[in-house]
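coords.txt follows (compact mmCIF, C-alpha atoms and all ligand atoms):
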# COMPACT_ATOMS: atom_id res chain seq x y z
CA HIS A 20 16.29 -16.07 30.35
CA SER A 21 15.58 -12.47 31.23
CA VAL A 22 16.25 -10.22 28.21
CA VAL A 23 17.44 -6.62 28.00
CA ILE A 24 17.95 -3.91 25.42
CA SER A 25 21.37 -2.71 26.49
CA GLY A 26 22.23 -0.13 23.83
CA VAL A 27 20.74 1.94 21.07
CA GLY A 28 22.49 3.80 18.25
CA LEU A 29 21.30 6.55 15.92
CA TRP A 30 23.08 7.56 12.73
CA THR A 31 21.77 10.72 11.06
CA PRO A 32 22.73 11.63 7.47
CA GLU A 33 24.49 14.97 7.03
CA HIS A 34 22.12 16.32 4.35
CA LYS A 35 18.86 18.02 5.21
CA ILE A 36 15.90 19.21 3.13
CA SER A 37 13.40 21.70 4.58
CA ASN A 38 9.73 21.77 3.62
CA GLU A 39 10.33 25.09 1.90
CA GLU A 40 13.13 23.73 -0.31
CA LEU A 41 11.11 20.65 -1.18
CA VAL A 42 7.94 22.59 -2.01
CA GLU A 43 9.84 25.14 -4.10
CA SER A 44 11.30 22.38 -6.24
CA TYR A 45 8.05 20.39 -6.52
CA ASN A 46 6.05 23.49 -7.45
CA ALA A 47 8.59 24.50 -10.11
CA TRP A 48 8.35 20.99 -11.55
CA ALA A 49 4.50 21.01 -11.41
CA GLU A 50 4.22 24.45 -13.02
CA ARG A 51 6.52 23.43 -15.83
CA PHE A 52 4.52 20.22 -16.34
CA ASN A 53 1.25 22.17 -16.46
CA LYS A 54 2.70 24.66 -18.95
CA GLN A 55 4.10 21.95 -21.18
CA ASN A 56 0.82 20.01 -21.06
CA ALA A 57 -1.52 23.01 -21.15
CA GLU A 58 -3.36 21.82 -24.26
CA LEU A 59 -3.96 18.27 -23.00
CA ILE A 60 -5.06 19.63 -19.61
CA GLU A 61 -7.44 22.03 -21.38
CA GLN A 62 -8.92 19.10 -23.34
CA GLY A 63 -9.32 17.08 -20.16
CA ARG A 64 -6.88 14.41 -21.37
CA GLU A 65 -4.30 15.14 -18.71
CA GLU A 66 -4.72 16.23 -15.10
CA ALA A 67 -3.04 19.41 -13.97
CA LYS A 68 -0.49 18.85 -11.20
CA PRO A 69 -1.72 20.53 -7.99
CA LEU A 70 0.66 22.77 -6.05
CA SER A 71 2.13 21.83 -2.69
CA SER A 72 2.51 24.04 0.36
CA ALA A 73 4.94 24.02 3.27
CA ALA A 74 2.21 25.31 5.59
CA PHE A 75 -0.07 22.38 4.66
CA ILE A 76 2.71 19.86 5.23
CA GLU A 77 3.54 21.12 8.69
CA LYS A 78 -0.11 21.40 9.74
CA ALA A 79 -1.23 18.04 8.32
CA SER A 80 1.81 16.02 9.44
CA GLY A 81 4.01 17.95 11.88
CA ILE A 82 6.98 17.45 9.53
CA LYS A 83 9.27 20.46 9.08
CA SER A 84 12.34 18.89 7.57
CA ARG A 85 13.97 15.55 6.70
CA PHE A 86 17.48 14.11 6.43
CA VAL A 87 18.59 12.43 3.21
CA TYR A 88 21.49 10.13 2.46
CA SER A 89 22.04 11.92 -0.84
CA LYS A 90 20.61 15.37 -1.53
CA GLU A 91 21.95 15.57 -5.06
CA GLY A 92 19.17 15.21 -7.62
CA VAL A 93 16.20 15.36 -5.23
CA LEU A 94 15.49 19.05 -5.85
CA ASP A 95 16.56 19.02 -9.51
CA ILE A 96 13.34 19.37 -11.52
CA ASP A 97 14.95 17.49 -14.39
CA ARG A 98 15.52 14.49 -12.10
CA MET A 99 13.30 14.46 -8.98
CA ARG A 100 15.11 11.55 -7.34
CA PRO A 101 18.43 11.26 -5.49
CA VAL A 102 21.70 10.40 -7.19
CA LEU A 103 23.65 7.49 -5.69
CA GLU A 104 26.89 6.24 -7.13
CA VAL A 105 27.12 2.63 -8.29
CA ARG A 106 29.48 0.66 -6.09
CA ASP A 107 31.46 -2.38 -7.17
CA ASP A 108 30.61 -5.74 -5.67
CA ASP A 109 33.74 -5.60 -3.52
CA GLN A 110 32.88 -2.18 -2.05
CA LEU A 111 30.65 -1.66 0.97
CA SER A 112 27.04 -1.14 -0.13
CA HIS A 113 25.21 2.09 0.70
CA GLN A 114 22.82 0.42 3.10
CA ALA A 115 25.54 -1.58 4.85
CA GLN A 116 27.47 1.66 5.35
CA MET A 117 24.47 3.27 7.07
CA ALA A 118 23.82 0.11 9.10
CA ILE A 119 27.42 -0.15 10.33
CA ALA A 120 27.46 3.50 11.45
CA ALA A 121 24.38 2.92 13.64
CA ALA A 122 25.53 -0.54 14.81
CA LYS A 123 28.86 0.83 16.11
CA LYS A 124 27.02 3.44 18.16
CA ALA A 125 24.67 0.81 19.61
CA LEU A 126 27.59 -1.49 20.50
CA SER A 127 29.42 1.32 22.23
CA ALA A 128 26.26 2.39 24.14
CA ALA A 129 25.84 -1.23 25.26
CA ASN A 130 29.52 -1.46 26.22
CA LYS A 131 29.88 -4.48 23.91
CA SER A 132 32.22 -5.60 21.17
CA PRO A 133 31.43 -7.60 18.01
CA ALA A 134 32.63 -10.72 19.87
CA ASP A 135 29.60 -10.40 22.15
CA ILE A 136 27.19 -10.61 19.20
CA ASP A 137 26.21 -13.80 17.36
CA MET A 138 23.16 -12.71 15.38
CA VAL A 139 22.63 -9.70 13.10
CA ILE A 140 19.17 -8.72 11.89
CA VAL A 141 18.91 -5.98 9.30
CA SER A 142 15.28 -5.07 9.47
CA CYS A 143 13.83 -2.22 7.43
CA ALA A 144 11.30 -1.23 4.74
CA TYR A 145 13.56 -1.97 1.74
CA THR A 146 16.87 -3.65 1.08
CA GLN A 147 18.90 -2.52 -1.90
CA ARG A 148 19.33 -6.11 -3.11
CA SER A 149 17.94 -9.55 -2.29
CA TYR A 150 21.20 -11.39 -1.68
CA PRO A 151 23.69 -11.72 -0.19
CA ALA A 152 21.78 -10.25 2.75
CA ILE A 153 22.83 -6.76 3.87
CA ALA A 154 22.97 -8.29 7.38
CA ILE A 155 25.66 -10.75 6.28
CA GLU A 156 27.68 -7.93 4.70
CA VAL A 157 27.42 -5.99 7.98
CA GLN A 158 28.30 -9.11 9.98
CA ALA A 159 31.47 -9.57 7.91
CA ALA A 160 32.46 -5.89 8.09
CA LEU A 161 32.13 -5.90 11.89
CA GLY A 162 33.83 -9.28 12.27
CA ILE A 163 30.89 -11.01 13.95
CA GLU A 164 30.77 -14.79 14.16
CA GLY A 165 27.34 -16.36 13.88
CA PHE A 166 24.63 -15.50 11.40
CA GLY A 167 22.63 -12.64 9.94
CA PHE A 168 19.53 -12.16 7.83
CA ASP A 169 17.37 -9.39 6.42
CA MET A 170 13.73 -8.80 7.32
CA LEU A 171 11.21 -6.54 5.59
CA VAL A 172 8.13 -5.43 7.53
CA ALA A 173 7.78 -1.81 6.32
CA CYS A 174 7.16 0.54 9.27
CA SER A 175 7.15 -2.28 11.79
CA ALA A 176 10.45 -3.80 10.69
CA ALA A 177 12.31 -2.56 13.79
CA THR A 178 9.81 -3.80 16.36
CA PHE A 179 9.29 -7.11 14.57
CA GLY A 180 13.08 -7.53 14.33
CA LEU A 181 13.38 -6.77 18.04
CA GLN A 182 10.78 -9.42 18.81
CA ARG A 183 12.86 -12.00 16.88
CA ALA A 184 15.96 -10.91 18.82
CA VAL A 185 14.22 -11.04 22.21
CA ASP A 186 12.84 -14.51 21.47
CA ALA A 187 16.26 -15.79 20.38
CA VAL A 188 17.96 -14.54 23.53
CA ALA A 189 15.11 -15.76 25.74
CA ALA A 190 15.33 -19.21 24.14
CA GLY A 191 19.08 -19.29 24.75
CA THR A 192 19.89 -19.74 21.05
CA SER A 193 21.63 -16.34 20.82
CA LYS A 194 23.84 -14.56 23.35
CA GLY A 195 23.71 -11.12 21.77
CA VAL A 196 21.77 -9.69 18.82
CA LEU A 197 22.22 -6.53 16.77
CA VAL A 198 18.96 -5.33 15.25
CA ILE A 199 19.74 -2.67 12.64
CA ASN A 200 17.35 -0.46 10.68
CA PRO A 201 19.07 1.29 7.77
CA GLU A 202 16.07 3.16 6.39
CA LEU A 203 17.12 4.40 2.97
CA THR A 204 13.65 5.54 1.94
CA SER A 205 14.46 8.42 -0.46
CA PRO A 206 14.98 6.20 -3.55
CA GLN A 207 11.34 5.03 -3.14
CA VAL A 208 9.79 8.46 -2.58
CA ASN A 209 7.81 9.90 -5.48
CA TYR A 210 9.06 13.50 -5.39
CA MET A 211 6.58 14.24 -8.20
CA ASP A 212 3.55 13.34 -6.06
CA ARG A 213 2.16 16.32 -4.16
CA ASP A 214 0.44 14.13 -1.56
CA SER A 215 3.51 12.12 -0.53
CA HIS A 216 6.66 14.00 -1.61
CA PHE A 217 7.18 15.36 1.91
CA ILE A 218 6.62 12.24 4.00
CA PHE A 219 9.95 10.39 4.26
CA GLY A 220 13.52 10.82 5.38
CA ASP A 221 16.62 8.62 5.64
CA VAL A 222 18.26 7.44 8.87
CA ALA A 223 19.74 4.34 10.50
CA THR A 224 19.10 3.00 14.00
CA ALA A 225 20.42 -0.05 15.82
CA THR A 226 19.82 -1.82 19.12
CA VAL A 227 21.68 -4.45 21.10
CA VAL A 228 19.60 -7.21 22.71
CA GLU A 229 21.19 -9.64 25.19
CA GLY A 230 20.59 -11.57 28.38
CA ALA A 231 20.41 -9.65 31.65
CA ALA A 232 23.28 -11.74 33.03
CA THR A 233 25.79 -10.38 30.48
CA CYS A 234 24.55 -6.75 30.52
CA ARG A 235 27.28 -4.15 31.23
CA SER A 236 25.28 -1.08 30.34
CA GLU A 237 24.25 1.84 32.58
CA GLN A 238 21.27 2.56 30.33
CA ALA A 239 19.56 -0.81 29.92
CA PHE A 240 15.92 -1.81 29.78
CA ASP A 241 14.29 -5.10 30.74
CA VAL A 242 12.04 -6.32 27.95
CA LEU A 243 8.85 -7.22 29.81
CA SER A 244 6.88 -8.30 26.77
CA THR A 245 6.62 -8.03 22.97
CA ARG A 246 3.61 -8.24 20.70
CA CYS A 247 3.20 -8.15 16.91
CA VAL A 248 0.11 -8.19 14.71
CA THR A 249 -0.59 -7.84 10.98
CA VAL A 250 -3.86 -7.27 9.11
CA TYR A 251 -3.75 -7.18 5.31
CA SER A 252 -4.40 -3.81 3.66
CA ASN A 253 -3.67 -2.22 0.26
CA ALA A 254 -3.95 1.33 1.62
CA ILE A 255 -0.12 1.66 1.77
CA ARG A 256 1.59 -0.08 -1.09
CA SER A 257 4.59 -0.28 -3.41
CA ASN A 258 4.57 -2.59 -6.45
CA PHE A 259 8.31 -2.30 -6.91
CA GLY A 260 9.84 -5.74 -7.19
CA TYR A 261 12.05 -8.09 -9.14
CA ILE A 262 9.31 -9.41 -11.41
CA THR A 263 8.73 -6.07 -13.19
CA ARG A 264 11.56 -7.12 -15.52
CA VAL A 265 9.34 -9.84 -16.96
CA THR A 266 5.91 -8.25 -16.65
CA ASP A 267 7.14 -5.54 -19.04
CA GLU A 268 5.66 -2.80 -16.86
CA ASP A 269 7.23 0.62 -16.62
CA PRO A 270 9.68 0.26 -13.73
CA TYR A 271 9.36 4.02 -13.04
CA SER A 272 5.55 4.22 -12.89
CA ALA A 273 4.03 5.78 -9.76
CA ASP A 274 2.65 2.47 -8.47
CA LYS A 275 6.24 1.15 -8.25
CA LEU A 276 6.96 3.81 -5.63
CA PHE A 277 5.49 4.39 -2.18
CA HIS A 278 1.83 5.39 -2.46
CA GLN A 279 -1.02 5.45 0.01
CA GLN A 280 -4.52 6.59 0.83
CA GLY A 281 -3.38 8.80 3.69
CA ARG A 282 -6.83 9.62 5.13
CA LYS A 283 -7.89 5.96 5.13
CA VAL A 284 -4.62 4.93 6.78
CA PHE A 285 -5.04 7.60 9.41
CA LYS A 286 -8.60 6.51 10.23
CA GLU A 287 -7.90 2.77 10.25
CA VAL A 288 -4.51 2.63 11.92
CA CYS A 289 -5.03 5.01 14.88
CA PRO A 290 -7.74 2.90 16.59
CA MET A 291 -5.80 -0.30 15.82
CA ALA A 292 -2.63 1.08 17.39
CA ALA A 293 -4.46 2.47 20.45
CA GLU A 294 -6.24 -0.84 21.07
CA HIS A 295 -2.99 -2.73 20.53
CA ILE A 296 -1.11 -0.71 23.14
CA GLU A 297 -3.99 -0.90 25.60
CA SER A 298 -4.45 -4.67 25.32
CA HIS A 299 -0.70 -5.31 25.38
CA LEU A 300 -0.32 -3.30 28.59
CA SER A 301 -3.41 -4.80 30.20
CA SER A 302 -2.22 -8.36 29.48
CA GLU A 303 0.87 -7.45 31.51
CA GLY A 304 -1.28 -5.88 34.26
CA ILE A 305 0.10 -2.38 33.60
CA PRO A 306 -2.38 0.54 33.70
CA VAL A 307 -1.87 3.03 30.85
CA THR A 308 -1.41 5.78 33.44
CA GLU A 309 1.76 4.02 34.67
CA LEU A 310 3.52 4.53 31.34
CA LYS A 311 6.31 7.05 31.74
CA ARG A 312 7.20 7.13 28.06
CA TRP A 313 5.62 6.33 24.70
CA TRP A 314 8.20 5.86 21.94
CA LEU A 315 5.67 5.95 19.14
CA HIS A 316 6.05 5.43 15.42
CA GLN A 317 6.80 8.78 13.80
CA ALA A 318 4.49 9.19 10.80
CA ASN A 319 2.23 12.02 11.77
CA ILE A 320 1.99 14.16 14.91
CA ASN A 321 -1.81 14.16 14.75
CA MET A 322 -1.87 10.35 14.68
CA ASN A 323 0.26 10.18 17.82
CA LEU A 324 -1.88 12.75 19.61
CA LEU A 325 -5.05 10.88 18.66
CA ILE A 326 -3.63 7.58 19.94
CA SER A 327 -2.56 9.07 23.28
CA ARG A 328 -5.89 10.90 23.61
CA ARG A 329 -7.81 7.65 23.17
CA LEU A 330 -5.79 5.99 25.91
CA LEU A 331 -5.20 8.84 28.36
CA GLY A 332 -8.28 10.98 27.75
CA ARG A 333 -5.91 13.89 27.01
CA ASP A 334 -2.97 14.65 24.71
CA ALA A 335 0.29 13.11 25.82
CA THR A 336 2.90 15.72 26.66
CA LEU A 337 6.11 15.96 24.66
CA GLU A 338 7.91 14.51 27.65
CA GLU A 339 5.60 11.46 27.66
CA ALA A 340 5.51 10.94 23.89
CA PRO A 341 8.56 12.60 22.36
CA VAL A 342 8.37 13.81 18.77
CA VAL A 343 11.22 13.44 16.29
CA LEU A 344 9.24 13.55 13.04
CA ASP A 345 9.44 17.36 12.93
CA GLU A 346 13.15 17.04 12.21
CA TYR A 347 13.40 13.52 10.73
CA ALA A 348 10.00 13.12 8.98
CA ASN A 349 8.72 9.54 8.67
CA THR A 350 11.73 7.22 8.64
CA ALA A 351 9.71 4.01 8.23
CA SER A 352 10.59 1.53 10.99
CA ALA A 353 13.33 3.65 12.56
CA GLY A 354 11.02 6.41 13.89
CA SER A 355 10.12 4.89 17.24
CA ILE A 356 13.75 3.80 17.73
CA ILE A 357 15.02 7.35 17.06
CA ALA A 358 12.61 8.55 19.76
CA PHE A 359 13.90 5.79 22.07
CA ALA A 360 17.55 6.64 21.28
CA LYS A 361 17.10 10.34 21.99
CA TYR A 362 14.76 10.13 24.98
CA HIS A 363 15.59 7.36 27.46
CA GLN A 364 18.45 8.58 29.61
CA ASP A 365 16.30 10.70 31.95
CA LEU A 366 14.10 7.76 33.00
CA ALA A 367 14.53 6.39 36.54
CA LYS A 368 15.00 2.77 37.57
CA GLY A 369 11.64 0.98 37.36
CA ASP A 370 10.06 3.45 34.91
CA ILE A 371 8.01 1.76 32.22
CA GLY A 372 7.83 2.74 28.55
CA VAL A 373 6.44 1.29 25.37
CA ILE A 374 7.91 1.27 21.87
CA CYS A 375 5.14 0.98 19.29
CA SER A 376 5.25 0.97 15.49
CA PHE A 377 2.32 1.01 13.06
CA GLY A 378 2.15 1.16 9.31
CA ALA A 379 2.08 -0.68 6.00
CA GLY A 380 0.82 -4.23 6.00
CA TYR A 381 -0.96 -3.16 8.17
CA SER A 382 1.56 -4.05 10.84
CA ILE A 383 1.76 -3.11 14.50
CA GLY A 384 4.56 -4.06 16.88
CA SER A 385 5.16 -3.16 20.51
CA LEU A 386 7.67 -3.78 23.27
CA ILE A 387 7.07 -2.98 26.94
CA LEU A 388 10.32 -1.91 28.59
CA ARG A 389 11.35 -1.21 32.19
CA LYS A 390 14.41 0.86 33.02
CA ARG A 391 16.99 -1.14 34.97
N1 LIG B 401 0.19 20.60 -0.22
C1 LIG B 401 -0.99 21.24 -0.21
N2 LIG B 401 -2.18 20.59 -0.15
C2 LIG B 401 -2.16 19.26 -0.08
C3 LIG B 401 -0.95 18.52 -0.08
C4 LIG B 401 0.26 19.24 -0.16
N3 LIG B 401 1.46 18.65 -0.16
N4 LIG B 401 -1.24 17.21 0.00
C5 LIG B 401 -2.57 17.13 0.04
N5 LIG B 401 -3.14 18.35 -0.01
C6 LIG B 401 -4.57 18.69 -0.03
C7 LIG B 401 -5.43 17.55 -0.49
O1 LIG B 401 -5.51 17.48 -1.89
C8 LIG B 401 -6.74 17.85 0.14
O2 LIG B 401 -7.43 18.82 -0.62
P1 LIG B 401 -9.02 18.71 -0.80
O3 LIG B 401 -9.57 18.81 0.61
O4 LIG B 401 -9.31 19.87 -1.67
O5 LIG B 401 -9.26 17.37 -1.41
C9 LIG B 401 -6.36 18.48 1.45
O6 LIG B 401 -5.02 18.96 1.27
C10 LIG B 401 -6.40 17.50 2.59
O7 LIG B 401 -5.76 16.28 2.15
P2 LIG B 401 -5.74 14.97 2.99
O8 LIG B 401 -7.10 14.69 3.52
O9 LIG B 401 -5.02 13.93 2.21
O10 LIG B 401 -4.79 15.49 4.16
P3 LIG B 401 -4.58 14.86 5.54
O11 LIG B 401 -4.95 15.83 6.57
O12 LIG B 401 -5.12 13.48 5.65
O13 LIG B 401 -2.97 14.73 5.58
C11 LIG B 401 -1.34 12.97 5.40
C12 LIG B 401 -2.30 13.90 4.66
C13 LIG B 401 -0.30 13.85 6.07
C14 LIG B 401 -0.68 12.05 4.42
C15 LIG B 401 -2.13 12.19 6.47
O14 LIG B 401 -3.28 11.62 5.91
C16 LIG B 401 -1.34 11.08 7.11
O15 LIG B 401 -0.28 11.29 7.65
N6 LIG B 401 -1.89 9.88 7.12
C17 LIG B 401 -1.28 8.73 7.75
C18 LIG B 401 -0.33 8.18 6.79
C19 LIG B 401 0.63 7.21 7.37
O16 LIG B 401 0.95 7.17 8.53
N7 LIG B 401 1.10 6.39 6.51
C20 LIG B 401 2.07 5.47 6.85
C21 LIG B 401 2.96 5.43 5.70
S1 LIG B 401 4.52 4.87 6.09
C22 LIG B 401 4.59 3.19 6.12
O17 LIG B 401 3.69 2.51 6.44
C23 LIG B 401 5.88 2.59 5.74
C24 LIG B 401 5.98 2.41 4.30
C25 LIG B 401 7.38 1.99 3.99
C26 LIG B 401 8.34 3.15 3.82
C27 LIG B 401 8.24 3.82 2.50
C28 LIG B 401 9.47 4.60 2.17
C29 LIG B 401 9.38 5.37 0.87
Kindly present the structure from the file in structure tokens form.
Amino acid sequence: HSVVISGVGLWTPEHKISNEELVESYNAWAERFNKQNAELIEQGREEAKPLSSAAFIEKASGIKSRFVYSKEGVLDIDRMRPVLEVRDDDQLSHQAQMAIAAAKKALSAANKSPADIDMVIVSCAYTQRSYPAIAIEVQAALGIEGFGFDMLVACSAATFGLQRAVDAVAAGTSKGVLVINPELTSPQVNYMDRDSHFIFGDVATATVVEGAATCRSEQAFDVLSTRCVTVYSNAIRSNFGYITRVTDEDPYSADKLFHQQGRKVFKEVCPMAAEHIESHLSSEGIPVTELKRWWLHQANINMNLLISRRLLGRDATLEEAPVVLDEYANTASAGSIIAFAKYHQDLAKGDIGVICSFGAGYSIGSLILRKR
């Protein structure tokens, strides 16, 4: 069966935090910490908190701002984490709410109704609970018959989820699949860590995957090929998990939140991603120069430029490799899908593009698409 992506949806939270706001709050928190711990710092028993800078953030990452699901609490130096209300078991969960908003947009872009879908994959960096799956909650709320499950593959959750969807449709076991990426990252961001407080934002994306024969969309892409790879690394890690209840560790300690060795990640992941894209394209007989669009993972502008430079011998233009991280920051697996959602309508029939994610795991996933 020939498989298409027939619709993509993007849901953006209403709240925004600029670098300047974030840095002002972090620096106020750090200065207070240093004042309160002046004696210990003087004695060398505590490390002074370094100050952050909006200019550094923009230069080192390309990030100018991020969207958040809840802004309350994030900038409060007595809290330094968002506030989310507890919802009863019979209310819609936060993540399902985000997922449904994006899913409805993807369905409408694909010109499909829930009756056309029989598989729901919620694929993202974190789910707010282990069971029942967020995907099954979404399935019920949208009135979809079939099945759903959650998948966690950090930054490559969206591309790995899409590969599952493409395979299911190609095998004839599913007629239509919703792959949804409700990236609620802000609860896992350490807003008290100078090196990572600026990296992430919240968003939700969704895509509809189906057979070419049922496609009723004006903006559809043939999926020519998918490829996923993982190589174990501790350079990006979170030790948050259900067993901390019995290991008696501090559930709020920094290692329970997102942390990374950013330089190491940068150096190791860029060549991996460049080689991955190159070998994926070459196995399909497509020269890199034929690529009209690169919907790359959105972690760092310099990473994306380095990857395109390795493959093209020059920096990709903004038209070739659109950037959304300036406005959205790193949104884990959703980044490349935001780029795809915002920048696909101008492509002509036959144009080829690649979606590629790279990140924690390490994990790399790519899809080669051709505009129909
Ligand atoms: N303000 C001012 N100065 C700073 C700041 C700051 N905020 N942060 C660091 N500095 C300083 C450093 O201390 C250092 O000073 P010195 O030279 O005196 O030691 C100097 O600036 C340079 O620091 P770095 O070498 O660390 O700076 P880089 O140029 O490497 O930039 C980045 C740091 C932006 C983090 C960069 O390394 C990067 O983007 N690396 C790639 C990271 C990446 O892509 N990671 C992927 C993570 S996402 C993922 O995989 C999914 C996880 C799941 C989602 C999690 C949701 C919460």
Q) When the cut-off is 8 Å and you count all atoms listed in the file, which residues lie near ligand LIG 401 (chain B), shown as a ChimeraX atom specification? A) /A:42,69-76,79-80,144-145,173-175,202-209,213-219,255-256,276-277,279-285,288,318-319,321-322,349-352,377-381
Q) What is the atom CA of Trp30 of chain A to atom CA of Lys124 of chain A distance in Å? A) 7.9 Å
Q | Atom pair atom CA of Gly384 of chain A / atom CA of Ser302 of chain A: separation (Å) | A | 14.9 Å
Produce the centre coordinates and the three edge lengths, each in Å to one decimal, of the box along x, y and z that contains all listed atoms of segment 154-169 of chain A with 8 Å added on each side, as JSON.
{"center_x": 25.6, "center_y": -11.1, "center_z": 9.4, "size_x": 32.5, "size_y": 26.5, "size_z": 25.5}
(Q) To one decimal place in Å, what is the distance between atom CA of Glu229 of chain A and atom CA of Ala293 of chain A? (A)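 So the answer is 28.8 Å.
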Q | Of the listed residues A:Ile153, A:Val87, A:Leu126, A:Val242, that which approaches Ala189 of chain A most closely, counting all atoms listed in the file | A |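 Of all the options, A:Val242 lies closest to Ala189 of chain A.
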Q) Could you name the residues that touch Asp186 of chain A at 12 Å or less, counting all atoms listed in the file, but leaving out those on the same chain fewer than 4 positions away, as a PyMOL selection string? A) chain A and resi 20-23+179-182+190-196+228-230+242-246
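Compared by their closest atoms to Leu197 of chain A, and using all atoms listed in the file, the residues A:Ala353, A:Ile296, A:Ile262, A:Val27 rank with A:Val27 nearest.
Nearest-residue note for Ala187 of chain A: choosing from A:Met170, A:Val250, A:Met138, A:Asp221, the minimum distance belongs to A:Met138, counting all atoms listed in the file.
Of the residues under consideration (A:Leu161, A:Val93, A:Leu324, A:Ile374), A:Ile374 shows the shortest atom-to-atom contact distance to His295 of chain A when counting all atoms listed in the file.
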(Q) Residues near Thr308 of chain A, anyone? I mean within 9 Å using all atoms listed in the file, not counting same-chain ones fewer than 3 positions away, as a PyMOL selection string. (A) chain A and resi 305+311+330-331
Tell me, as a PDB file with C-alpha atoms, keeping the file's coordinate frame, which residues lie within 9 Å of Asn53 of chain A, counting only C-alpha atoms; anything in the same chain fewer than 4 positions away does not count.
ATOM      1  CA  TRP A  48       8.350  20.990 -11.550  1.00  0.00           C
ATOM      2  CA  ALA A  49       4.500  21.010 -11.410  1.00  0.00           C
ATOM      3  CA  ALA A  57      -1.520  23.010 -21.150  1.00  0.00           C
ATOM      4  CA  ILE A  60      -5.060  19.630 -19.610  1.00  0.00           C
ATOM      5  CA  GLU A  66      -4.720  16.230 -15.100  1.00  0.00           C
ATOM      6  CA  ALA A  67      -3.040  19.410 -13.970  1.00  0.00           C
ATOM      7  CA  LYS A  68      -0.490  18.850 -11.200  1.00  0.00           C
TER       8      LYS A  68
END
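Neighbouring residues of His316 of chain A at 7 Å or closer, counting only C-alpha atoms and skipping chain neighbours under 3 positions away, are Gly354, Ser355, Cys375, Ser376 and Phe377 of chain A.
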Output C-alpha atoms of each residue in that selection to a file, as a compact mmCIF listing (two decimals), in the frame of the given file.
# COMPACT_ATOMS: atom_id res chain seq x y z
CA GLY A 354 11.02 6.41 13.89
CA SER A 355 10.12 4.89 17.24
CA CYS A 375 5.14 0.98 19.29
CA SER A 376 5.25 0.97 15.49
CA PHE A 377 2.32 1.01 13.06
Q: Using only C-alpha atoms, give me every residue within 12 Å of (28.4, 7.7, -4.7) in file coordinates, as a list in words.
A: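 Here the neighbourhood of the point contains Tyr88, Ser89, Lys90, Glu91, Pro101, Val102, Leu103, Glu104, Val105, Arg106, Asp107, Gln110, Leu111, Ser112, His113 and Gln116 of chain A.
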